[in-house]
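Following: one structure in structure tokens, then a few remarks.
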Amino acid sequence: MKLFLTGGTGYIGSAVLEAALRGGHHVTALVRDPEKAERVSLRGVTPIVGELAKSKSYAAAAEQADAIVHTAFDHTKRGQAVDLLAIDALCAAAGRRVDAGLPAAVIYTSQTWVLGDTQGQAREDTPVSPTPLVAWRPEHEALVMDRSRGGAIRTSIVRPGIVYGGARGIIGDLLKDARNGLLRVVGEGHNHWPCVYDRDLADLYVRIAATPTASGIYHANDEADESVEDIVQAISSQVRMRPDIRHVPIEEARAKMGPYADALALDQIVRSPRARALGWSPTLHSVSGNVPRLLEEFRSACEAAA
């Protein structure tokens, strides 16, 4: 299978790249500069140097792929607008494949934050109530699904929980802060985070891409239902010197972090029945139960980046 991947050196995208290569698939990845192009090329990936906002730099390459996996995001004030441009370009490329009689699929990356605080267990068919930080995401999800041309293009949405593994992401920041002696928690920490191991998440993307009948919304989390306090205490117990833990009132956190604070304070219990129906099963089932492993991965990733 030929995959076109945006964000091939990003946190989620790099994991998807590795999973696709393990599966024997050919990967073409959009990267932003020659240095990153050289990095992915060494892994046997075909690099395309370009920018999400400039579709001419990658549209032709996307059109050659059996499945397009969109994991990239422009983390600037233009992020929402650039994501919309990318959706238009990638879905148009898939449409040209369909016009030529070829199979096409588009897999879009959202997140569980679109669910807001959950009442009971949130499944893929649970109505969304997004936290302000991602209030625009449901509209973009709907745009992708509406571009399916009545099912001629397989369109899918992946909503990962909070990703863990390696040195990046929210859990990676907690590991770093713990080693530096101070952990900050928004609120009391009784809220629950749905989490997913990066390699498990990547396997779901590849499974969706390779399954001819897979389409629609897929949640991705380990279903451990861990509270933030569970995670923080487990990390604290495994670092060399136990760090101080400071609980930051939500008002203070908002003043410093804006709507990101509300996202971190969400209380979510999430289930992934549609992902499991594809045969997907996470290999890691919690953050708190795997802290020694995650700390070792964190150290290795930091050393590799040095």
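Each chain in the structure tokens gets a letter, A, B, ..., in the order shown, and its residues are numbered from 1; ligands are numbered from 1 in order too.
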- Message: For the helix (DSSP H, G or I) assignment from backbone DSSP, which residues of segment 40-202 of chain A qualify? Please present them as an MDAnalysis selection string.
- Response: chainID A and resid 40:41 55:57 59:63 79:99 112:115 132:134 137:146 169:180 198:202
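DSSP, applied to the backbone of this structure, assigns strand (DSSP E) to the following residues of segment 103-207 of chain A: Ala105, Val106, Ile107, Tyr108, Thr109, Arg154, Thr155, Ser156, Ile157, Val158, Arg159, Pro160, Ile162, Val163, Tyr164, Leu182, Leu183, Arg184, Val185, Val186, His192, Trp193, Cys195, Val196 and Tyr197 of chain A.
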- Query: Do you have the atom CA of Trp136 of chain A-atom CA of Lys56 of chain A distance handy?
  - Reply: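 Taking atom CA of Trp136 of chain A as the start and atom CA of Lys56 of chain A as the end point, the length is 25.0 Å.
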Mind running segment 209-266 of chain A against segment 103-124 of chain A at 7 Å and telling me each contacting residue's nearest atom pair with the distance in Å (one decimal), counting only C-alpha atoms, chain and number ascending, as JSON lines?
{"residue": "A:Ile217", "atom": "CA", "partner": "A:Glu124", "partner_atom": "CA", "distance": 6.0}
{"residue": "A:Tyr218", "atom": "CA", "partner": "A:Glu124", "partner_atom": "CA", "distance": 6.2}
{"residue": "A:His219", "atom": "CA", "partner": "A:Glu124", "partner_atom": "CA", "distance": 6.2}
{"residue": "A:Ala263", "atom": "CA", "partner": "A:Trp113", "partner_atom": "CA", "distance": 6.7}
{"residue": "A:Leu266", "atom": "CA", "partner": "A:Asp117", "partner_atom": "CA", "distance": 5.4}
Let's have the selection written as a short mmCIF file (atom, residue, chain, number, x, y, z; two decimals), in the first residue's frame, with N, CA and C atoms.
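Result file out-v2.cif:
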data_model
loop_
_atom_site.label_atom_id
_atom_site.label_comp_id
_atom_site.auth_asym_id
_atom_site.auth_seq_id
_atom_site.Cartn_x
_atom_site.Cartn_y
_atom_site.Cartn_z
N ILE A 217 -15.65 7.56 12.36
CA ILE A 217 -14.91 8.08 13.52
C ILE A 217 -14.36 6.93 14.35
N TYR A 218 -13.10 7.11 14.79
CA TYR A 218 -12.44 6.10 15.64
C TYR A 218 -11.78 6.79 16.83
N HIS A 219 -12.17 6.40 18.03
CA HIS A 219 -11.47 6.84 19.22
C HIS A 219 -10.26 5.94 19.44
N ALA A 263 -8.58 22.61 28.69
CA ALA A 263 -8.40 21.30 28.04
C ALA A 263 -7.74 20.31 29.00
N LEU A 266 -10.20 18.86 31.63
CA LEU A 266 -11.33 18.04 31.21
C LEU A 266 -11.36 16.71 31.97
#
- Message: Between A:Cys195, A:Ala92, A:Leu183, A:Ala210, which residue has the minimum interatomic distance to Ile153 of chain A, considering only C-alpha atoms?
- Response: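 Checking each candidate against Ile153 of chain A, we get A:Ala92 as the closest.
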- Message: At a cut-off of 7 Å, using only C-alpha atoms, what residues contact segment 228-237 of chain A? Leave out same-chain residues fewer than 5 positions from it and give the result as a list of chain:residue names.
- Response: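 Returned residues: A:Leu175, A:Ala178, A:Gly189, A:His190, A:Asn191, A:His192, A:Trp193, A:Arg242, A:Pro243, A:Val287, A:Ser288, A:Val291.
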- Query: Quick one: residues within 6 Å of Ala301 of chain A, only C-alpha atoms counted, chain neighbours fewer than 2 positions away excluded, as a list in words?
  - Reply: Gly166, Ala167, Phe298, Arg299, Glu303 and Ala304 of chain A
- From the set A:Ser227, A:Thr126, A:Gln238, A:Ser156, which residue has the shortest atom-to-atom contact distance to Arg179 of chain A, counting only C-alpha atoms?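 Of the candidates, the smallest distance to Arg179 of chain A is held by A:Gln238.
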Need to verify the contact set: Val27 of chain A, 9 Å, only C-alpha atoms, exclusion of same-chain residues closer than 3 positions in sequence. Can you return it as a PDB file with N, CA and C atoms, in the first residue's frame?
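Just written: around-v2.pdb:
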ATOM      1  N   MET A   1       0.835  -1.187   0.000  1.00  0.00           N
ATOM      2  CA  MET A   1       0.000   0.000   0.000  1.00  0.00           C
ATOM      3  C   MET A   1       0.879   1.248   0.000  1.00  0.00           C
ATOM      4  N   LYS A   2       0.453   2.269  -0.743  1.00  0.00           N
ATOM      5  CA  LYS A   2       1.157   3.540  -0.776  1.00  0.00           C
ATOM      6  C   LYS A   2       0.451   4.529   0.136  1.00  0.00           C
ATOM      7  N   LEU A   3       1.218   5.085   1.070  1.00  0.00           N
ATOM      8  CA  LEU A   3       0.674   6.070   2.009  1.00  0.00           C
ATOM      9  C   LEU A   3       1.306   7.431   1.763  1.00  0.00           C
ATOM     10  N   PHE A   4       0.486   8.471   1.821  1.00  0.00           N
ATOM     11  CA  PHE A   4       1.007   9.833   1.856  1.00  0.00           C
ATOM     12  C   PHE A   4       0.732  10.365   3.260  1.00  0.00           C
ATOM     13  N   LEU A   5       1.781  10.853   3.919  1.00  0.00           N
ATOM     14  CA  LEU A   5       1.705  11.229   5.327  1.00  0.00           C
ATOM     15  C   LEU A   5       2.124  12.673   5.523  1.00  0.00           C
ATOM     16  N   LEU A  17       4.664   6.768  10.732  1.00  0.00           N
ATOM     17  CA  LEU A  17       5.683   6.435   9.735  1.00  0.00           C
ATOM     18  C   LEU A  17       6.354   5.105  10.071  1.00  0.00           C
ATOM     19  N   ALA A  20       3.949   2.143   9.616  1.00  0.00           N
ATOM     20  CA  ALA A  20       3.728   1.836   8.204  1.00  0.00           C
ATOM     21  C   ALA A  20       4.917   1.089   7.613  1.00  0.00           C
ATOM     22  N   LEU A  21       6.121   1.505   7.986  1.00  0.00           N
ATOM     23  CA  LEU A  21       7.305   0.804   7.492  1.00  0.00           C
ATOM     24  C   LEU A  21       7.362  -0.620   8.036  1.00  0.00           C
ATOM     25  N   GLY A  44      14.041   5.023   4.518  1.00  0.00           N
ATOM     26  CA  GLY A  44      13.422   4.402   3.355  1.00  0.00           C
ATOM     27  C   GLY A  44      12.136   5.069   2.924  1.00  0.00           C
ATOM     28  N   VAL A  45      11.928   6.308   3.370  1.00  0.00           N
ATOM     29  CA  VAL A  45      10.718   7.067   3.065  1.00  0.00           C
ATOM     30  C   VAL A  45      11.021   8.068   1.948  1.00  0.00           C
ATOM     31  N   THR A  46      10.052   8.289   1.070  1.00  0.00           N
ATOM     32  CA  THR A  46      10.197   9.307   0.029  1.00  0.00           C
ATOM     33  C   THR A  46       9.769  10.658   0.597  1.00  0.00           C
ATOM     34  N   PRO A  47      10.696  11.616   0.707  1.00  0.00           N
ATOM     35  CA  PRO A  47      10.328  12.908   1.289  1.00  0.00           C
ATOM     36  C   PRO A  47       9.813  13.884   0.232  1.00  0.00           C
ATOM     37  N   ALA A  65      -1.167   8.284  -3.762  1.00  0.00           N
ATOM     38  CA  ALA A  65      -1.269   7.390  -2.607  1.00  0.00           C
ATOM     39  C   ALA A  65      -2.616   6.697  -2.521  1.00  0.00           C
TER      40      ALA A  65
END
- Return the single residue from A:Val49, A:Leu42, A:Val69, A:Leu278 that is closest to Ala202 of chain A, with distances computed using only C-alpha atoms. A:Val69
- Task: Considering only C-alpha atoms, state which residue in the set A:Leu84, A:Ala19, A:Ala277, A:Ile171 is at the smallest distance from Glu139 of chain A.
- Result: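 Using only C-alpha atoms, Glu139 of chain A sits closest to A:Leu84.
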- Residue with the minimum atom-to-atom distance to His26 of chain A, picked from A:Asp222, A:Asp66, A:Glu38, A:Glu141 with only C-alpha atoms counted, is A:Asp66
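The shortest atom-to-atom distance to Arg184 of chain A, with only C-alpha atoms taken into account, belongs to A:Arg246 out of A:Arg154, A:Arg240, A:Arg246, A:Arg149.
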